[in-house]
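Pasting final25.cif here (mmCIF, C-alpha atoms):
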data_upload
#
loop_
_atom_site.label_atom_id
_atom_site.label_comp_id
_atom_site.auth_asym_id
_atom_site.auth_seq_id
_atom_site.Cartn_x
_atom_site.Cartn_y
_atom_site.Cartn_z
CA LYS A 1 103.45 78.44 121.40
CA LYS A 2 104.93 79.85 118.21
CA HIS A 3 102.05 78.44 116.20
CA LYS A 4 99.53 80.02 118.56
CA ALA A 5 101.35 83.35 118.32
CA VAL A 6 101.25 83.23 114.51
CA ILE A 7 97.51 82.41 114.56
CA ALA A 8 96.86 85.23 117.03
CA ALA A 9 98.82 87.71 114.89
CA ALA A 10 96.90 86.66 111.77
CA ASP A 11 93.58 87.04 113.60
CA GLY A 12 94.65 90.50 114.74
CA LEU A 13 95.53 91.54 111.21
CA TRP A 14 92.23 90.27 109.88
CA LYS A 15 90.25 92.21 112.49
CA GLU A 16 92.20 95.38 111.73
CA TYR A 17 91.48 94.95 108.03
CA GLN A 18 87.78 94.40 108.69
CA ASN A 19 87.74 97.75 110.53
CA SER A 20 89.80 99.57 107.89
CA GLY A 21 86.85 101.30 106.25
CA PRO A 22 85.50 101.46 102.69
CA ALA A 23 88.77 102.59 101.09
CA PHE A 24 90.24 99.13 101.71
CA TYR A 25 87.71 96.70 103.16
CA ASP A 26 85.63 94.47 100.93
CA PRO A 27 83.64 91.44 102.14
CA SER A 28 84.77 89.36 99.15
CA VAL A 29 88.41 89.37 100.30
CA LEU A 30 89.59 86.15 101.94
CA PRO A 31 91.68 86.25 105.15
CA GLU A 32 94.76 84.74 103.49
CA ILE A 33 95.01 87.75 101.14
CA VAL A 34 95.44 90.01 104.16
CA THR A 35 97.47 87.78 106.45
CA SER A 36 100.00 86.56 103.87
CA VAL A 37 103.40 88.24 103.81
CA TRP A 38 103.47 91.22 101.45
CA SER A 39 104.69 90.32 97.97
CA LEU A 40 105.41 92.96 95.34
CA ASP A 41 105.23 90.31 92.60
CA ASP A 42 101.75 89.25 93.69
CA PHE A 43 100.59 92.84 93.89
CA MET A 44 102.01 93.95 90.53
CA THR A 45 100.77 90.93 88.59
CA GLY A 46 97.72 91.92 86.54
CA LEU A 47 98.09 95.69 86.94
CA GLN A 48 97.90 97.75 83.78
CA ALA A 49 101.32 98.61 82.37
CA ARG A 50 102.41 102.03 81.26
CA SER A 51 102.20 102.40 77.49
CA ARG A 52 102.06 105.12 74.85
CA SER A 53 100.18 102.90 72.42
CA SER A 54 96.49 102.07 72.36
CA ILE A 55 97.30 98.43 73.10
CA LYS A 56 96.70 97.70 76.78
CA ARG A 57 99.11 95.36 78.53
CA VAL A 58 99.31 94.05 82.05
CA LEU A 59 102.27 93.32 84.28
CA SER A 60 103.23 89.87 85.47
CA ALA A 61 105.73 88.43 87.93
CA SER A 62 107.84 87.37 84.94
CA THR A 63 107.74 90.78 83.25
CA ASN A 64 111.19 91.53 81.87
CA GLN A 65 112.08 94.55 83.96
CA HIS A 66 114.87 95.50 81.58
CA ASN A 67 112.24 96.42 79.00
CA ASN A 68 111.39 99.49 81.02
CA ASN A 69 113.74 102.29 80.10
CA GLY A 70 111.78 104.95 81.94
CA SER A 71 110.78 106.76 78.78
CA GLY A 72 107.18 105.58 78.83
CA GLY A 73 107.68 102.70 76.48
CA GLY A 74 106.36 100.05 78.85
CA GLY A 75 107.38 97.66 81.57
CA GLY A 76 106.29 99.84 84.48
CA VAL A 77 102.94 100.28 86.15
CA ASP A 78 100.57 102.85 84.65
CA PRO A 79 101.14 106.02 86.75
CA ASN A 80 97.46 106.97 86.44
CA ILE A 81 96.16 103.97 88.41
CA ARG A 82 94.53 105.07 91.65
CA LEU A 83 93.54 103.12 94.73
CA GLU A 84 89.91 103.13 93.65
CA ASP A 85 90.87 101.46 90.35
CA LEU A 86 92.27 98.39 92.09
CA SER A 87 90.39 95.15 92.63
CA PRO A 88 89.33 94.34 96.22
CA ASN A 89 92.20 91.86 96.56
CA LYS A 90 94.78 94.39 95.36
CA ARG A 91 93.43 97.00 97.78
CA ALA A 92 93.71 94.45 100.59
CA MET A 93 97.32 93.68 99.62
CA LEU A 94 98.14 97.38 99.61
CA TRP A 95 96.51 97.75 103.01
CA ARG A 96 98.86 95.07 104.33
CA LEU A 97 101.90 96.96 103.03
CA LEU A 98 100.70 100.21 104.59
CA GLN A 99 99.94 98.48 107.87
CA THR A 100 103.38 96.85 107.91
CA THR A 101 105.06 100.21 107.23
CA SER A 102 103.14 101.78 110.11
CA GLU A 103 103.53 99.15 112.82
CA ALA A 104 107.08 100.19 113.75
CA HIS A 105 106.00 103.78 114.46
CA ASP A 106 103.46 104.87 117.08
CA THR A 107 102.85 108.15 115.27
CA LEU A 108 102.30 106.66 111.80
CA ASP A 109 99.02 105.18 110.56
CA MET A 110 99.24 104.93 106.79
CA PRO A 111 95.96 103.04 106.23
CA ALA A 112 94.11 105.80 108.12
CA MET A 113 96.04 108.50 106.27
CA ILE A 114 95.23 107.06 102.84
CA SER A 115 91.59 106.58 103.86
CA ALA A 116 91.43 110.28 104.76
CA LEU A 117 92.99 111.38 101.46
CA PRO A 118 90.68 112.34 98.57
CA PRO A 119 90.79 109.45 96.04
CA LYS A 120 92.15 111.59 93.20
CA TYR A 121 95.43 111.99 95.09
CA VAL A 122 96.00 108.30 95.82
CA ARG A 123 98.08 107.22 92.83
CA VAL A 124 99.47 103.72 93.29
CA LYS A 125 102.80 104.39 91.55
CA GLU A 126 103.52 107.50 93.64
CA LEU A 127 102.51 105.75 96.85
CA LEU A 128 104.68 102.67 96.25
CA GLU A 129 107.63 104.79 95.16
CA SER A 130 107.35 107.02 98.24
CA LEU A 131 107.14 104.06 100.60
CA LEU A 132 110.23 102.45 99.06
CA VAL A 133 112.25 105.68 99.12
CA PHE A 134 111.20 106.11 102.76
CA GLY A 135 112.60 102.62 103.36
CA HIS A 136 115.96 103.74 101.96
CA PHE A 137 115.79 106.83 104.19
CA GLU A 138 115.30 104.61 107.23
CA GLN A 139 118.28 102.46 106.23
CA LEU A 140 120.44 105.59 105.98
CA LEU A 141 119.13 106.78 109.34
CA ARG A 142 120.11 103.49 111.00
CA LYS A 143 123.61 103.69 109.56
CA SER A 144 124.23 107.24 110.74
CA LYS A 145 126.33 107.59 113.88
CA LYS A 146 124.97 111.11 114.28
CA ARG A 147 121.43 111.89 115.41
CA VAL A 148 119.58 113.36 112.43
CA SER A 149 117.44 116.28 113.56
CA ASN A 150 116.77 118.05 110.23
CA VAL A 151 115.61 116.78 106.84
CA HIS A 152 115.55 119.12 103.84
CA ASP A 153 113.27 117.81 101.08
CA VAL A 154 114.25 119.96 98.10
CA GLY A 155 111.96 120.13 95.06
CA CYS A 156 109.51 118.20 97.22
CA GLY A 157 106.60 118.05 94.73
CA HIS A 158 103.75 116.08 96.30
CA GLY A 159 105.97 115.72 99.34
CA MET A 160 104.98 112.24 100.48
CA VAL A 161 108.50 111.09 101.35
CA GLY A 162 109.21 114.10 103.55
CA MET A 163 105.82 113.70 105.22
CA LEU A 164 106.56 110.06 105.99
CA CYS A 165 109.82 111.18 107.60
CA ALA A 166 108.03 113.82 109.69
CA ALA A 167 105.18 111.52 110.74
CA ALA A 168 107.38 108.56 111.66
CA TYR A 169 110.07 110.62 113.44
CA PRO A 170 108.51 113.50 115.40
CA HIS A 171 111.92 114.57 116.74
CA ILE A 172 113.07 115.38 113.18
CA THR A 173 112.20 118.77 111.68
CA VAL A 174 111.37 118.47 107.98
CA GLN A 175 111.62 121.37 105.54
CA SER A 176 109.65 120.74 102.35
CA ILE A 177 111.05 123.14 99.77
CA ASP A 178 109.43 123.98 96.43
CA ARG A 179 108.33 127.00 94.45
CA VAL A 180 104.66 126.51 95.28
CA PRO A 181 102.80 123.93 97.38
CA ARG A 182 100.89 121.52 95.18
CA GLU A 183 97.26 120.69 95.91
CA SER A 184 98.35 117.10 96.55
CA PHE A 185 100.90 118.31 99.13
CA GLN A 186 98.26 120.21 101.06
CA ALA A 187 95.75 117.36 100.83
CA GLN A 188 98.29 114.80 102.05
CA ARG A 189 99.30 116.95 104.99
CA ARG A 190 95.67 117.31 106.05
CA ALA A 191 95.22 113.54 105.73
CA PHE A 192 98.26 112.86 107.94
CA VAL A 193 96.84 115.21 110.57
CA GLU A 194 93.46 113.49 110.39
CA SER A 195 95.18 110.19 111.14
CA ARG A 196 97.49 110.12 114.15
CA SER A 197 100.24 112.55 113.05
CA ASP A 198 100.17 116.20 114.18
CA MET A 199 102.88 117.19 111.61
CA ASP A 200 103.98 120.20 113.68
CA ASN A 201 107.54 119.30 112.68
CA LEU A 202 106.82 119.71 108.94
CA HIS A 203 107.31 123.16 107.40
CA PHE A 204 106.73 124.14 103.78
CA VAL A 205 109.28 126.67 102.52
CA ARG A 206 108.46 128.51 99.31
CA GLY A 207 111.46 128.80 97.01
CA ASP A 208 114.25 126.77 95.46
CA LEU A 209 117.62 125.43 96.55
CA SER A 210 118.94 128.98 97.08
CA VAL A 211 116.65 129.33 100.10
CA LEU A 212 118.46 126.48 101.79
CA GLU A 213 121.86 127.72 100.65
CA LYS A 214 121.30 131.08 102.37
CA ASN A 215 120.40 129.44 105.66
CA ALA A 216 122.74 126.43 105.56
CA ASP A 217 124.78 127.67 108.54
CA ASP A 218 121.66 127.48 110.72
CA PHE A 219 121.62 123.72 110.21
CA SER A 220 125.25 122.95 111.01
CA SER A 221 125.74 120.40 113.78
CA SER A 222 127.14 123.07 116.09
CA SER A 223 124.23 125.46 115.48
CA SER A 224 121.27 123.08 115.45
CA GLY A 225 122.58 120.46 117.85
CA GLY A 226 122.00 117.66 115.34
CA HIS A 227 122.86 116.31 111.90
CA SER A 228 121.06 117.27 108.68
CA LEU A 229 119.98 115.07 105.79
CA LEU A 230 119.18 116.42 102.35
CA LEU A 231 116.52 114.59 100.36
CA CYS A 232 116.10 115.07 96.60
CA VAL A 233 113.53 112.81 94.94
CA HIS A 234 113.31 113.15 91.15
CA GLY A 235 115.07 116.50 91.11
CA CYS A 236 115.00 117.85 87.58
CA LYS A 237 118.18 118.51 85.56
CA SER A 238 120.78 120.35 87.66
CA LEU A 239 118.90 120.08 90.97
CA THR A 240 120.26 116.58 91.59
CA HIS A 241 123.95 117.47 91.56
CA GLU A 242 123.48 120.97 92.98
CA SER A 243 121.64 119.59 96.00
CA ILE A 244 124.34 116.96 96.55
CA GLU A 245 127.03 119.63 96.32
CA LEU A 246 125.22 121.69 98.97
CA ALA A 247 125.00 118.65 101.24
CA GLU A 248 128.67 117.83 100.69
CA ALA A 249 129.74 121.40 101.38
CA ASN A 250 128.00 121.23 104.76
CA ALA A 251 128.92 117.61 105.57
CA TRP A 252 125.25 116.60 105.60
CA ALA A 253 123.95 113.15 104.82
CA TRP A 254 122.03 112.94 101.54
CA LEU A 255 119.68 110.74 99.57
CA SER A 256 119.03 111.31 95.88
CA LEU A 257 116.71 109.64 93.38
CA PRO A 258 117.89 111.22 90.10
CA CYS A 259 115.49 111.88 87.25
CA CYS A 260 116.18 113.80 84.02
CA LEU A 261 119.96 114.06 83.98
CA GLN A 262 121.95 115.98 81.38
CA ALA A 263 125.20 114.48 80.17
CA GLU A 264 127.02 117.82 80.01
CA HIS A 265 126.70 118.15 83.79
CA HIS A 266 128.46 114.86 84.52
CA LEU A 267 130.69 113.84 81.60
CA ASP A 268 133.51 115.35 79.61
CA PRO A 269 132.05 117.44 76.74
CA ARG A 270 134.04 115.30 74.29
CA THR A 271 132.19 112.15 75.39
CA ASN A 272 129.79 111.02 72.68
CA LEU A 273 127.21 108.70 74.19
CA LYS A 274 125.88 106.21 71.65
CA VAL A 275 123.75 104.12 74.00
CA ASP A 276 120.04 103.77 74.65
CA ASP A 277 118.25 105.98 77.16
CA ASP A 278 118.29 103.39 79.93
CA MET A 279 122.05 102.81 79.66
CA ARG A 280 122.64 106.57 79.43
CA PHE A 281 120.74 107.20 82.66
CA THR A 282 122.57 104.39 84.46
CA MET A 283 125.96 105.70 83.32
CA LEU A 284 125.16 109.24 84.48
CA CYS A 285 124.04 107.96 87.88
CA GLY A 286 127.33 106.07 88.09
CA ALA A 287 129.22 109.26 87.30
CA ILE A 288 127.37 111.07 90.09
CA ALA A 289 128.03 108.25 92.54
CA ALA A 290 131.75 108.32 91.71
CA LYS A 291 132.13 112.11 91.79
CA TYR A 292 130.35 112.60 95.11
CA ASN A 293 131.54 109.39 96.78
CA ALA A 294 128.10 107.84 97.35
CA GLY A 295 128.20 105.34 100.19
CA THR A 296 125.39 103.23 98.75
CA VAL A 297 123.99 102.72 95.25
CA SER A 298 120.75 100.75 95.20
CA SER A 299 117.50 100.68 93.28
CA ILE A 300 113.72 100.56 93.34
CA ASP A 301 111.88 97.88 91.38
CA ARG A 302 111.70 99.01 87.75
CA ARG A 303 108.04 98.08 87.48
CA ILE A 304 107.40 101.02 89.80
CA THR A 305 109.73 103.56 88.23
CA GLY A 306 112.20 103.54 85.37
CA ARG A 307 114.19 106.20 87.22
CA GLY A 308 114.78 104.14 90.32
CA ILE A 309 118.49 104.38 91.14
CA VAL A 310 118.94 105.51 94.75
CA LEU A 311 122.19 107.20 95.79
CA THR A 312 122.94 107.84 99.45
CA SER A 313 125.77 109.15 101.60
CA LEU A 314 126.22 109.63 105.33
CA GLY A 315 128.04 112.86 104.65
CA ARG A 316 131.49 113.93 103.63
CA SER A 317 133.18 113.34 106.99
CA ALA A 318 131.48 109.98 107.58
CA GLU A 319 132.14 108.41 104.17
CA ARG A 320 135.79 109.34 103.84
#
Full structure transcribed into structure tokens:
Amino acid sequence: KKHKAVIAAADGLWKEYQNSGPAFYDPSVLPEIVTSVWSLDDFMTGLQARSRSSIKRVLSASTNQHNNNGSGGGGGVDPNIRLEDLSPNKRAMLWRLLQTTSEAHDTLDMPAMISALPPKYVRVKELLESLLVFGHFEQLLRKSKKRVSNVHDVGCGHGMVGMLCAAAYPHITVQSIDRVPRESFQAQRRAFVESRSDMDNLHFVRGDLSVLEKNADDFSSSSSGGHSLLLCVHGCKSLTHESIELAEANAWAWLSLPCCLQAEHHLDPRTNLKVDDDMRFTMLCGAIAAKYNAGTVSSIDRRITGRGIVLTSLGRSAER
């Protein structure tokens, strides 16, 4: 019976892939490419690596991930690779990941969303990173004893992570906060709507962190009837710690993926760091985790991003 169930599931996957449309489907792809369990190693192997030199390199499963210090020197996937640049087999593998991400949520159809998105906005690095950060968001959600009803995505940029939250969890209201909405943000929202997500629970707010600071009382548990979670993905410079401080002050849960950190914000001015950029970034993330009592410190595969340390907390009252 189990064998028959596995065969039936594989046949179902193959039929779904065959109906996935031109963005993903190619007749040269063999069924085992689609029905095999998703493997990041298999997907990354052979992709062009990020490099500042004219010498082109490709990634492999044995790529030394510690070579990637996030400064563009190599080791990570080229951020300019788009879905249309991938081979048919790689597109099929990516379809499987998107399908797997979607199957747990009735309101989420990532293959359809990506198919509806203009090709210039489908960057593989951004897509993989967003999906993995969304995975960390879901882990935090499962750990929370409080029902999260509001997500504040500060410095949202292209906004994919916040949109995934809104599409997968219609009961959660998502505020995407940035100075101006990017073209990619608007295109992605339209693509989500064209798939199966109405996105009525997603609201773009023009401004910076001060907009949320002014209205923080409106999102207290007593006022809103639910818990808030602050999301900061690649917040530049002071935005990382300022957003965490706002979350801590209001006892919100938070998730941060730090980016360009400045030592003077996190270390004693007398500290003279004589380490490479990768070690410096790791030390500063450690300082943030210690100062704000992060409940979890984890990471994203360094072939995807050299700035992949993920810090999370359930909120001041829950962690202490």
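Atom CA of Phe24 of chain A sits 27.8 Å away from atom CA of Val233 of chain A.
Non-sequential neighbours of Thr107 of chain A (distance at most 12 Å, separation of 6 or more positions within a chain, all atoms listed in the file) are Thr101, Met113, Met163, Leu164, Cys165, Ala166, Ala167, Ala168, Tyr169, Pro170, His171, Phe192, Val193, Glu194, Ser195, Arg196, Ser197, Asp198 and Met199 of chain A.
The protein and nucleic acid residues lying at most 6 Å from Val77 of chain A are Ala49, Arg50, Arg303 and Ile304 of chain A, with all atoms listed in the file considered and sequence neighbours fewer than 6 positions away removed.
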Polymer residues at most 10 Å from Arg280 of chain A, only C-alpha atoms, same-chain spacing of 4 or more positions, as a ChimeraX atom specification | /A:69,261-263,273-276,284-286
For the residues in the current selection, export C-alpha atoms as a PDB file, in the frame of the given file.
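Result saved to out_6.pdb:
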ATOM      1  CA  ASN A  69     113.740 102.290  80.100  1.00  0.00           C
ATOM      2  CA  LEU A 261     119.960 114.060  83.980  1.00  0.00           C
ATOM      3  CA  GLN A 262     121.950 115.980  81.380  1.00  0.00           C
ATOM      4  CA  ALA A 263     125.200 114.480  80.170  1.00  0.00           C
ATOM      5  CA  LEU A 273     127.210 108.700  74.190  1.00  0.00           C
ATOM      6  CA  LYS A 274     125.880 106.210  71.650  1.00  0.00           C
ATOM      7  CA  VAL A 275     123.750 104.120  74.000  1.00  0.00           C
ATOM      8  CA  ASP A 276     120.040 103.770  74.650  1.00  0.00           C
ATOM      9  CA  LEU A 284     125.160 109.240  84.480  1.00  0.00           C
ATOM     10  CA  CYS A 285     124.040 107.960  87.880  1.00  0.00           C
ATOM     11  CA  GLY A 286     127.330 106.070  88.090  1.00  0.00           C
TER      12      GLY A 286
END
Residues within 9 Å of Ala187 of chain A, all atoms listed in the file, excluding chain neighbours under 6 positions, as number ranges by chain = A: 117-118, 121
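Across A:His234, A:Arg189, A:His152, A:His158, the tightest approach to Glu213 of chain A is made by A:His152 when counting only C-alpha atoms.
Atom CA of Ser243 of chain A is found 7.7 Å from atom CA of Val154 of chain A.
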Please evaluate the PyMOL selection byres ((chain A and resi 266) around 7) against the structure above and give the resulting residues as an mmCIF file with C-alpha atoms, in the frame of the given file.
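Output below, filename result-v4.cif:
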data_model
loop_
_atom_site.group_PDB
_atom_site.id
_atom_site.type_symbol
_atom_site.label_atom_id
_atom_site.label_comp_id
_atom_site.auth_asym_id
_atom_site.auth_seq_id
_atom_site.Cartn_x
_atom_site.Cartn_y
_atom_site.Cartn_z
ATOM 1 C CA ALA A 263 125.200 114.480 80.170
ATOM 2 C CA GLU A 264 127.020 117.820 80.010
ATOM 3 C CA HIS A 265 126.700 118.150 83.790
ATOM 4 C CA LEU A 267 130.690 113.840 81.600
ATOM 5 C CA LEU A 284 125.160 109.240 84.480
ATOM 6 C CA ALA A 287 129.220 109.260 87.300
ATOM 7 C CA ILE A 288 127.370 111.070 90.090
#
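Take the candidates A:Asp200, A:Asp178, A:Asp153, A:Asp85 and check each one against Leu229 of chain A using only C-alpha atoms; the shortest distance goes to A:Asp153.
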Atom CA of Leu98 of chain A and atom CA of Ile309 of chain A are how many Å apart?
-> 22.7 Å
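Using the PyMOL selection byres ((chain A and resi 18) around 12) on this structure selects Asp11, Gly12, Leu13, Trp14, Lys15, Glu16, Tyr17, Asn19, Ser20, Gly21, Pro22, Ala23, Phe24, Tyr25, Asp26, Pro27, Ser28, Val29, Leu30, Pro31, Val34, Thr35, Ala92, Trp95 and Arg96 of chain A.
Proximity ranking of A:Lys1, A:His105, A:Arg57, A:Lys120 relative to Asn80 of chain A places A:Lys120 first, based on all atoms listed in the file.
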Nearest to Gly295 of chain A, restricted to all atoms listed in the file and choosing among A:Pro119, A:Gly76, A:Pro258, A:Gly315, comes out as A:Gly315
Counting all atoms listed in the file, the residue of A:Leu209, A:His136, A:Trp254, A:Phe185 that sits nearest Glu242 of chain A | A:Leu209
